Amino acid sequence: MWLDLETKVESITHDAIALEYKNQIDTIPVDLVIWTVGTRVNPVVQSLPLKQNQRGQITTTPTLQVVDHPEIFALGDLADCIDADGKQVPTTAQSAFQQADYVGWNIWASLTDRPLLPFRYQHLGEMMTLGTNSATFAGLGIKLDGSLAYVARRLAYLYRMPTLGHQLKVGLNWITQPIVDSLTN
């Protein structure tokens, strides 16, 4: 692995990336640019008087309660969470969706004097769009790429929509948008 902390991205276009190193700009022709950006905890969260890790994430117990404040629950990328098996939980949307169910249950359980459930993370796979009508999908023992992965990814997102109304609105938008685009171009 190579890590460069002295080069910065000057610009990105559809067919090139310009990099600045020691006040000199080099432009490199490209076919594809994939940009990943780390997450940073919001300064409001970092200012809270709660136990935090070195990144500013709120430290939780496996039941997603804030350490030293069992009346507060935290989840998602602002929570430093170790699951019931003692494993670090990744700060991804997939984790947050799963944590939300546990937090909902645990709030209800704490209000009704029932036992709280420790969070158990289940890695369901990874999905990523790769341009127009193409994606990669790996999960549940399946690996796909291209247009089939694109459809599988969209179906997974539709499935995760909170209500049938949301599913219909999003699904209809996905179906009609290409038609509208072709008529206006």
# chains A, B, ... in the order shown; residues from 1 in each chain; ligands from 1

$ select_by_dssp --residues "chain A" --states "alpha helix (DSSP H)" --output "ChimeraX atom specification"
/A:43-46,93-111,147-160,164-184

$ write_last_selection --atoms "C-alpha atoms" --output "PDB file, in the first residue's frame"
ATOM      1  CA  PRO A  43     -18.608  19.217  15.631  1.00  0.00           C
ATOM      2  CA  VAL A  44     -21.930  19.451  17.514  1.00  0.00           C
ATOM      3  CA  VAL A  45     -21.615  15.768  18.438  1.00  0.00           C
ATOM      4  CA  GLN A  46     -17.948  16.211  19.359  1.00  0.00           C
ATOM      5  CA  ALA A  93     -25.407   2.845   6.183  1.00  0.00           C
ATOM      6  CA  GLN A  94     -25.847  -0.921   6.332  1.00  0.00           C
ATOM      7  CA  SER A  95     -24.784  -0.903   9.992  1.00  0.00           C
ATOM      8  CA  ALA A  96     -26.966   2.093  10.827  1.00  0.00           C
ATOM      9  CA  PHE A  97     -30.061   0.452   9.336  1.00  0.00           C
ATOM     10  CA  GLN A  98     -29.445  -2.641  11.443  1.00  0.00           C
ATOM     11  CA  GLN A  99     -28.672  -0.606  14.569  1.00  0.00           C
ATOM     12  CA  ALA A 100     -31.916   1.356  14.185  1.00  0.00           C
ATOM     13  CA  ASP A 101     -33.994  -1.768  14.781  1.00  0.00           C
ATOM     14  CA  TYR A 102     -32.020  -2.572  17.937  1.00  0.00           C
ATOM     15  CA  VAL A 103     -32.186   0.991  19.248  1.00  0.00           C
ATOM     16  CA  GLY A 104     -35.954   1.077  18.671  1.00  0.00           C
ATOM     17  CA  TRP A 105     -36.375  -2.197  20.546  1.00  0.00           C
ATOM     18  CA  ASN A 106     -33.980  -1.187  23.336  1.00  0.00           C
ATOM     19  CA  ILE A 107     -35.707   2.150  23.946  1.00  0.00           C
ATOM     20  CA  TRP A 108     -39.034   0.323  24.247  1.00  0.00           C
ATOM     21  CA  ALA A 109     -37.426  -2.358  26.447  1.00  0.00           C
ATOM     22  CA  SER A 110     -35.860   0.235  28.752  1.00  0.00           C
ATOM     23  CA  LEU A 111     -39.243   1.975  29.176  1.00  0.00           C
ATOM     24  CA  SER A 147     -26.286  -4.176 -15.783  1.00  0.00           C
ATOM     25  CA  LEU A 148     -27.555  -7.173 -13.784  1.00  0.00           C
ATOM     26  CA  ALA A 149     -25.785  -5.849 -10.675  1.00  0.00           C
ATOM     27  CA  TYR A 150     -27.294  -2.424 -11.393  1.00  0.00           C
ATOM     28  CA  VAL A 151     -30.813  -3.919 -11.317  1.00  0.00           C
ATOM     29  CA  ALA A 152     -30.023  -5.986  -8.181  1.00  0.00           C
ATOM     30  CA  ARG A 153     -28.705  -2.887  -6.407  1.00  0.00           C
ATOM     31  CA  ARG A 154     -31.832  -0.908  -7.267  1.00  0.00           C
ATOM     32  CA  LEU A 155     -34.081  -3.724  -6.072  1.00  0.00           C
ATOM     33  CA  ALA A 156     -32.151  -3.872  -2.781  1.00  0.00           C
ATOM     34  CA  TYR A 157     -32.626  -0.119  -2.306  1.00  0.00           C
ATOM     35  CA  LEU A 158     -36.342  -0.373  -3.117  1.00  0.00           C
ATOM     36  CA  TYR A 159     -36.682  -3.162  -0.584  1.00  0.00           C
ATOM     37  CA  ARG A 160     -35.115  -0.941   2.117  1.00  0.00           C
ATOM     38  CA  LEU A 164     -44.939   0.917   0.111  1.00  0.00           C
ATOM     39  CA  GLY A 165     -45.618   4.563  -0.803  1.00  0.00           C
ATOM     40  CA  HIS A 166     -41.882   5.318  -0.799  1.00  0.00           C
ATOM     41  CA  GLN A 167     -41.192   2.191  -2.847  1.00  0.00           C
ATOM     42  CA  LEU A 168     -43.771   3.183  -5.455  1.00  0.00           C
ATOM     43  CA  LYS A 169     -42.563   6.795  -5.717  1.00  0.00           C
ATOM     44  CA  VAL A 170     -38.909   5.835  -6.064  1.00  0.00           C
ATOM     45  CA  GLY A 171     -39.611   2.904  -8.382  1.00  0.00           C
ATOM     46  CA  LEU A 172     -41.826   4.986 -10.663  1.00  0.00           C
ATOM     47  CA  ASN A 173     -39.199   7.729 -10.739  1.00  0.00           C
ATOM     48  CA  TRP A 174     -36.537   5.209 -11.779  1.00  0.00           C
ATOM     49  CA  ILE A 175     -38.805   3.921 -14.560  1.00  0.00           C
ATOM     50  CA  THR A 176     -40.003   7.290 -15.859  1.00  0.00           C
ATOM     51  CA  GLN A 177     -36.810   9.354 -15.537  1.00  0.00           C
ATOM     52  CA  PRO A 178     -35.014   7.754 -18.522  1.00  0.00           C
ATOM     53  CA  ILE A 179     -38.122   8.360 -20.627  1.00  0.00           C
ATOM     54  CA  VAL A 180     -38.311  12.013 -19.581  1.00  0.00           C
ATOM     55  CA  ASP A 181     -34.567  12.433 -20.210  1.00  0.00           C
ATOM     56  CA  SER A 182     -34.828  10.970 -23.695  1.00  0.00           C
ATOM     57  CA  LEU A 183     -37.755  13.265 -24.570  1.00  0.00           C
ATOM     58  CA  THR A 184     -35.984  16.424 -23.364  1.00  0.00           C
TER      59      THR A 184
END

$ select_by_dssp --residues "stretch 68-184 of chain A" --states "strand (DSSP E or B)" --output "PyMOL selection string"
chain A and resi 69-73+79-80+82+88+126-129+135-139+142-146

$ write_last_selection --atoms "N, CA and C atoms" --output "PDB file, in the first residue's frame"
ATOM      1  N   HIS A  69     -23.917   6.841  30.275  1.00  0.00           N
ATOM      2  CA  HIS A  69     -25.241   7.472  30.121  1.00  0.00           C
ATOM      3  C   HIS A  69     -26.198   6.458  29.502  1.00  0.00           C
ATOM      4  N   PRO A  70     -26.630   5.458  30.286  1.00  0.00           N
ATOM      5  CA  PRO A  70     -27.473   4.396  29.723  1.00  0.00           C
ATOM      6  C   PRO A  70     -28.838   4.882  29.221  1.00  0.00           C
ATOM      7  N   GLU A  71     -29.214   6.101  29.541  1.00  0.00           N
ATOM      8  CA  GLU A  71     -30.488   6.653  29.067  1.00  0.00           C
ATOM      9  C   GLU A  71     -30.384   7.227  27.654  1.00  0.00           C
ATOM     10  N   ILE A  72     -29.163   7.253  27.108  1.00  0.00           N
ATOM     11  CA  ILE A  72     -28.935   7.783  25.763  1.00  0.00           C
ATOM     12  C   ILE A  72     -28.443   6.646  24.867  1.00  0.00           C
ATOM     13  N   PHE A  73     -28.988   6.588  23.663  1.00  0.00           N
ATOM     14  CA  PHE A  73     -28.575   5.594  22.676  1.00  0.00           C
ATOM     15  C   PHE A  73     -27.928   6.321  21.495  1.00  0.00           C
ATOM     16  N   ALA A  79     -21.363   6.755  16.184  1.00  0.00           N
ATOM     17  CA  ALA A  79     -21.194   5.849  17.316  1.00  0.00           C
ATOM     18  C   ALA A  79     -19.998   4.934  17.127  1.00  0.00           C
ATOM     19  N   ASP A  80     -19.203   4.810  18.169  1.00  0.00           N
ATOM     20  CA  ASP A  80     -18.115   3.838  18.217  1.00  0.00           C
ATOM     21  C   ASP A  80     -18.707   2.608  18.891  1.00  0.00           C
ATOM     22  N   ILE A  82     -19.021  -1.607  19.505  1.00  0.00           N
ATOM     23  CA  ILE A  82     -18.531  -2.981  19.510  1.00  0.00           C
ATOM     24  C   ILE A  82     -19.773  -3.857  19.643  1.00  0.00           C
ATOM     25  N   GLN A  88     -15.653  -4.731  16.145  1.00  0.00           N
ATOM     26  CA  GLN A  88     -15.914  -3.339  15.781  1.00  0.00           C
ATOM     27  C   GLN A  88     -16.937  -3.299  14.649  1.00  0.00           C
ATOM     28  N   GLU A 126     -21.731  -5.765  -0.296  1.00  0.00           N
ATOM     29  CA  GLU A 126     -21.389  -4.421  -0.765  1.00  0.00           C
ATOM     30  C   GLU A 126     -22.012  -4.189  -2.132  1.00  0.00           C
ATOM     31  N   MET A 127     -22.435  -2.950  -2.377  1.00  0.00           N
ATOM     32  CA  MET A 127     -22.977  -2.563  -3.675  1.00  0.00           C
ATOM     33  C   MET A 127     -22.414  -1.204  -4.038  1.00  0.00           C
ATOM     34  N   MET A 128     -22.161  -0.994  -5.331  1.00  0.00           N
ATOM     35  CA  MET A 128     -21.657   0.298  -5.768  1.00  0.00           C
ATOM     36  C   MET A 128     -22.033   0.524  -7.228  1.00  0.00           C
ATOM     37  N   THR A 129     -22.530   1.732  -7.523  1.00  0.00           N
ATOM     38  CA  THR A 129     -22.820   2.103  -8.900  1.00  0.00           C
ATOM     39  C   THR A 129     -21.514   2.389  -9.621  1.00  0.00           C
ATOM     40  N   ALA A 135     -23.087  -1.559 -12.271  1.00  0.00           N
ATOM     41  CA  ALA A 135     -22.795  -1.583 -10.841  1.00  0.00           C
ATOM     42  C   ALA A 135     -22.026  -2.849 -10.516  1.00  0.00           C
ATOM     43  N   THR A 136     -21.631  -2.947  -9.261  1.00  0.00           N
ATOM     44  CA  THR A 136     -21.070  -4.176  -8.737  1.00  0.00           C
ATOM     45  C   THR A 136     -21.862  -4.523  -7.486  1.00  0.00           C
ATOM     46  N   PHE A 137     -22.084  -5.801  -7.281  1.00  0.00           N
ATOM     47  CA  PHE A 137     -22.898  -6.286  -6.173  1.00  0.00           C
ATOM     48  C   PHE A 137     -22.236  -7.553  -5.659  1.00  0.00           C
ATOM     49  N   ALA A 138     -21.909  -7.599  -4.375  1.00  0.00           N
ATOM     50  CA  ALA A 138     -21.328  -8.791  -3.763  1.00  0.00           C
ATOM     51  C   ALA A 138     -21.971  -8.982  -2.405  1.00  0.00           C
ATOM     52  N   GLY A 139     -22.679 -10.072  -2.243  1.00  0.00           N
ATOM     53  CA  GLY A 139     -23.312 -10.358  -0.971  1.00  0.00           C
ATOM     54  C   GLY A 139     -24.223 -11.561  -1.067  1.00  0.00           C
ATOM     55  N   ILE A 142     -23.447 -14.139  -3.588  1.00  0.00           N
ATOM     56  CA  ILE A 142     -23.588 -13.811  -5.003  1.00  0.00           C
ATOM     57  C   ILE A 142     -22.615 -12.692  -5.356  1.00  0.00           C
ATOM     58  N   LYS A 143     -22.006 -12.785  -6.535  1.00  0.00           N
ATOM     59  CA  LYS A 143     -21.170 -11.703  -7.054  1.00  0.00           C
ATOM     60  C   LYS A 143     -21.663 -11.380  -8.453  1.00  0.00           C
ATOM     61  N   LEU A 144     -22.033 -10.110  -8.665  1.00  0.00           N
ATOM     62  CA  LEU A 144     -22.518  -9.661  -9.963  1.00  0.00           C
ATOM     63  C   LEU A 144     -21.805  -8.381 -10.346  1.00  0.00           C
ATOM     64  N   ASP A 145     -21.740  -8.120 -11.654  1.00  0.00           N
ATOM     65  CA  ASP A 145     -21.313  -6.808 -12.112  1.00  0.00           C
ATOM     66  C   ASP A 145     -22.034  -6.481 -13.412  1.00  0.00           C
ATOM     67  N   GLY A 146     -21.969  -5.215 -13.789  1.00  0.00           N
ATOM     68  CA  GLY A 146     -22.630  -4.776 -15.010  1.00  0.00           C
ATOM     69  C   GLY A 146     -24.088  -4.431 -14.801  1.00  0.00           C
TER      70      GLY A 146
END

$ residues_around --residues "A:Leu78" --least-positions-apart "2" --cutoff "9 Å" --atoms "only C-alpha atoms" --output "list of chain:residue names"
A:Arg40, A:Val41, A:Asn42, A:Val45, A:Gly56, A:Gln57, A:Ile58, A:Thr59, A:Ala74, A:Leu75, A:Gly76, A:Asp80, A:Thr91

$ write_last_selection --atoms "C-alpha atoms" --output "short mmCIF file (atom, residue, chain, number, x, y, z; two decimals), in the first residue's frame"
data_model
loop_
_atom_site.label_atom_id
_atom_site.label_comp_id
_atom_site.auth_asym_id
_atom_site.auth_seq_id
_atom_site.Cartn_x
_atom_site.Cartn_y
_atom_site.Cartn_z
CA ARG A 40 -16.04 13.05 10.03
CA VAL A 41 -18.16 13.38 13.15
CA ASN A 42 -20.15 16.61 13.29
CA VAL A 45 -21.61 15.77 18.44
CA GLY A 56 -14.91 12.04 18.18
CA GLN A 57 -17.38 9.16 17.89
CA ILE A 58 -19.57 8.54 20.94
CA THR A 59 -18.54 5.36 22.75
CA ALA A 74 -26.26 6.27 19.72
CA LEU A 75 -25.97 4.63 16.32
CA GLY A 76 -24.60 5.11 12.83
CA ASP A 80 -18.11 3.84 18.22
CA THR A 91 -19.64 3.01 10.16
#
